[in-house]
Amino acid sequence: MCAWKFHFVTFGCKVNQYETQALREAWTAQGGTECDSPDAADVVCINSCAITARGERDARNALFRVRRDAPGARVLLTGCAARLVAGQTAAGRDAPDAVIVQEAKSRLLAGPESVADGLTDTADADAAFPPFEISGFRRARPVLKVQDGCRHRCTYCIVPLTRGACRSRDPFDAIREARRLLKAGYAELMISGINLRQYGRDKAEYGDFWSLLQRLDAALAPEFAGRARLRISSLEPSQLDARGLDILRGCRMVCPHLHISLQHASPAVLRRMGRGHYSADMLEQAVHELRAHWPVMALGADLLLGFPGESEEDARCLLDFVERMPFSYAHVFPYSRRPGTAADRMDGQLPQQLKQERAARVRAAVTERQEAFREAQLRLPRLLAAPEAPMQDGRPRNRPFKGVNEYYVPCLLPPEAAQAAETHRLIPVRPLELTPKGLRVALLDEAR
């Protein structure tokens, strides 16, 4: 192709968003031009997700829409659901031209013509960390991908079958990319991976996740502390040991915010989930210790209700835990059966209505905790907001636009913040009032 256009359709997690951005930059450097809709594209790449059965449906529906709207485009299907969806559509007119399974996605960095039609062969797939890298990001807070894959077989999760074994990023590569993004003006980076607990297990010389975080902070803080920050995407309670807490307390750039992949508080349910290596008590103790260092801290969690065999006592255990913990938010889901997982074959499957009722009770308790946390933010004299872009669709915003503060609370910034946002640095603000969309804030004099 001499002059060609491409379009991406991306589903799923922050890591998928990162990988799409890496491909976007690589294809642009090779002479491609991204277009806003598939009907104008020569190549359409669907980057799929398989975390739920709905993710597969989304990918199949996207294939149908692209084939309908862009019948002349070459359609590539990649991501975690690629192999699954391709098997279901291989004989249909909606089938993709090429299927690049997740383990081979990095081959697309060489351009869309580098992959042949049909299913990619993974026999020689590189076992090293995929060589994706980015210089920018479509959203205000770029992802810094440091880990891929997972070897832990949670009984409800299909990710180990779609993402492959654990692969860790060279810490020096992570530091170089982080510095490049911060120098480009981004005020906050999200440190992400498929399972950060497994960072370094394939490369002992890299150390564990805490070693990586310590290196990142030591390398970046002298230049960027106070001007930009790091946020950790997701941890497990077992990581919050004495060493981890010491490193968190010593970091100058890390947000006072933990997001925990907790899933449940009942030991019996955690064991059936394949997550018996930690307890809710570990999280409670860690938060108690951290509060001495972070008097105000955000605490989020992923919670799963209605797992096979969950009793009313188990559900009550989780609800009691939520009610006594200082959660500022949580993602609460009723369990959804995922074909191909061990949990899908377990006895004790619960009715959908019961799962939804239990999730609703926990969600209501989380909402109460969240409202109390946000109300308390009004008493803080100073916050630092990482702003979204001051322009929208090429035009300056003439309405309040959003940022997020260090405690992961959305902030509605006034129009006059646009000039400060152009510097892409953290903006000092003071809270004015709580709205359904977040904190309405005003600029402090030091931000003007």
# chains A, B, ... in the order shown; residues from 1 in each chain; ligands from 1

call {"tool": "select_by_dssp", "arguments": {"residues": "stretch 169-259 of chain A", "states": "strand (DSSP E)", "output": "number ranges by chain"}}
result
A: 188-193, 229-232, 257-259

call {"tool": "write_last_selection", "arguments": {"atoms": "C-alpha atoms", "output": "PDB file, in the first residue's frame"}}
result
ATOM      1  CA  GLU A 188      -0.394  10.764  35.455  1.00  0.00           C
ATOM      2  CA  LEU A 189       0.602   7.263  34.360  1.00  0.00           C
ATOM      3  CA  MET A 190      -1.330   4.088  35.174  1.00  0.00           C
ATOM      4  CA  ILE A 191       1.021   1.181  35.901  1.00  0.00           C
ATOM      5  CA  SER A 192      -0.770  -1.843  34.470  1.00  0.00           C
ATOM      6  CA  GLY A 193      -0.424  -5.513  33.698  1.00  0.00           C
ATOM      7  CA  ARG A 229       2.342  11.012  39.498  1.00  0.00           C
ATOM      8  CA  LEU A 230       2.051   7.242  39.180  1.00  0.00           C
ATOM      9  CA  ARG A 231      -1.084   5.226  39.902  1.00  0.00           C
ATOM     10  CA  ILE A 232      -1.130   1.461  40.387  1.00  0.00           C
ATOM     11  CA  HIS A 257      -4.855   4.965  46.178  1.00  0.00           C
ATOM     12  CA  LEU A 258      -5.077   1.178  46.119  1.00  0.00           C
ATOM     13  CA  HIS A 259      -7.288  -0.833  43.815  1.00  0.00           C
TER      14      HIS A 259
END

call {"tool": "residues_around", "arguments": {"residues": "stretch 159-175 of chain A", "least_positions_apart": "2", "cutoff": "6 Å", "atoms": "only C-alpha atoms", "output": "list in words"}}
result
Cys80, Phe129, Val146, Gln147, Asp148, Gly149, Cys150, Arg151, Cys157, Glu177, Ala178, Tyr199, Gly200 and Leu216 of chain A

call {"tool": "atom_distance", "arguments": {"atom1": "atom CA of A:Lys14", "atom2": "atom CA of A:Leu283"}}
result
23.9 Å

call {"tool": "residues_around", "arguments": {"residues": "stretch 352-355 of chain A", "least_positions_apart": "2", "cutoff": "6 Å", "atoms": "only C-alpha atoms", "output": "JSON list (two decimals) with all heavy atoms, in the first residue's frame"}}
result
[["chain", "number", "residue", "atom", "x", "y", "z"],
["A", 306, "GLY", "N", -22.35, -14.17, 44.20],
["A", 306, "GLY", "CA", -23.11, -15.25, 43.60],
["A", 306, "GLY", "C", -22.27, -16.33, 42.97],
["A", 306, "GLY", "O", -22.75, -17.05, 42.08],
["A", 334, "PRO", "N", -22.35, -9.47, 39.63],
["A", 334, "PRO", "CA", -22.88, -10.81, 39.88],
["A", 334, "PRO", "C", -22.08, -11.80, 39.03],
["A", 334, "PRO", "O", -21.70, -11.50, 37.89],
["A", 334, "PRO", "CB", -24.33, -10.71, 39.41],
["A", 334, "PRO", "CG", -24.34, -9.60, 38.42],
["A", 334, "PRO", "CD", -23.25, -8.65, 38.82],
["A", 357, "GLU", "N", -29.56, -9.93, 43.36],
["A", 357, "GLU", "CA", -29.99, -9.36, 44.63],
["A", 357, "GLU", "C", -28.81, -9.19, 45.59],
["A", 357, "GLU", "O", -28.68, -8.16, 46.26],
["A", 357, "GLU", "CB", -31.06, -10.26, 45.26],
["A", 357, "GLU", "CG", -32.41, -10.21, 44.56],
["A", 357, "GLU", "CD", -33.38, -11.23, 45.10],
["A", 357, "GLU", "OE1", -32.97, -12.05, 45.97],
["A", 357, "GLU", "OE2", -34.55, -11.23, 44.68],
["A", 358, "ARG", "N", -27.94, -10.19, 45.66],
["A", 358, "ARG", "CA", -26.78, -10.09, 46.54],
["A", 358, "ARG", "C", -25.82, -9.00, 46.06],
["A", 358, "ARG", "O", -25.27, -8.25, 46.87],
["A", 358, "ARG", "CB", -26.07, -11.44, 46.62],
["A", 358, "ARG", "CG", -26.86, -12.48, 47.40],
["A", 358, "ARG", "CD", -26.16, -13.83, 47.42],
["A", 358, "ARG", "NE", -26.92, -14.80, 48.23],
["A", 358, "ARG", "CZ", -26.58, -16.07, 48.38],
["A", 358, "ARG", "NH1", -25.49, -16.54, 47.79],
["A", 358, "ARG", "NH2", -27.32, -16.87, 49.11]]

call {"tool": "closest_residue", "arguments": {"among": "A:Gly55, A:Gly276, A:Pro131, A:Gly403", "to": "A:Arg107", "atoms": "only C-alpha atoms"}}
result
A:Pro131

call {"tool": "residues_around", "arguments": {"residues": "stretch 100-103 of chain A", "least_positions_apart": "4", "cutoff": "10 Å", "atoms": "only C-alpha atoms", "output": "VMD selection string"}}
result
chain A and resid 45 47 to 49 76 to 84 86 107 to 108 115 to 127 130 149 162 to 165

call {"tool": "residues_around", "arguments": {"residues": "stretch 313-324 of chain A", "least_positions_apart": "5", "cutoff": "6 Å", "atoms": "only C-alpha atoms", "output": "JSON list (two decimals) with C-alpha atoms, in the first residue's frame"}}
result
[["chain", "number", "residue", "atom", "x", "y", "z"],
["A", 265, "ALA", "CA", -14.22, -11.85, 51.82],
["A", 266, "SER", "CA", -15.43, -15.39, 52.61],
["A", 362, "VAL", "CA", -23.25, -4.96, 48.31]]

call {"tool": "closest_residue", "arguments": {"among": "A:Gln239, A:Gln349, A:Thr341, A:Ser336", "to": "A:Thr52", "atoms": "only C-alpha atoms"}}
result
A:Ser336
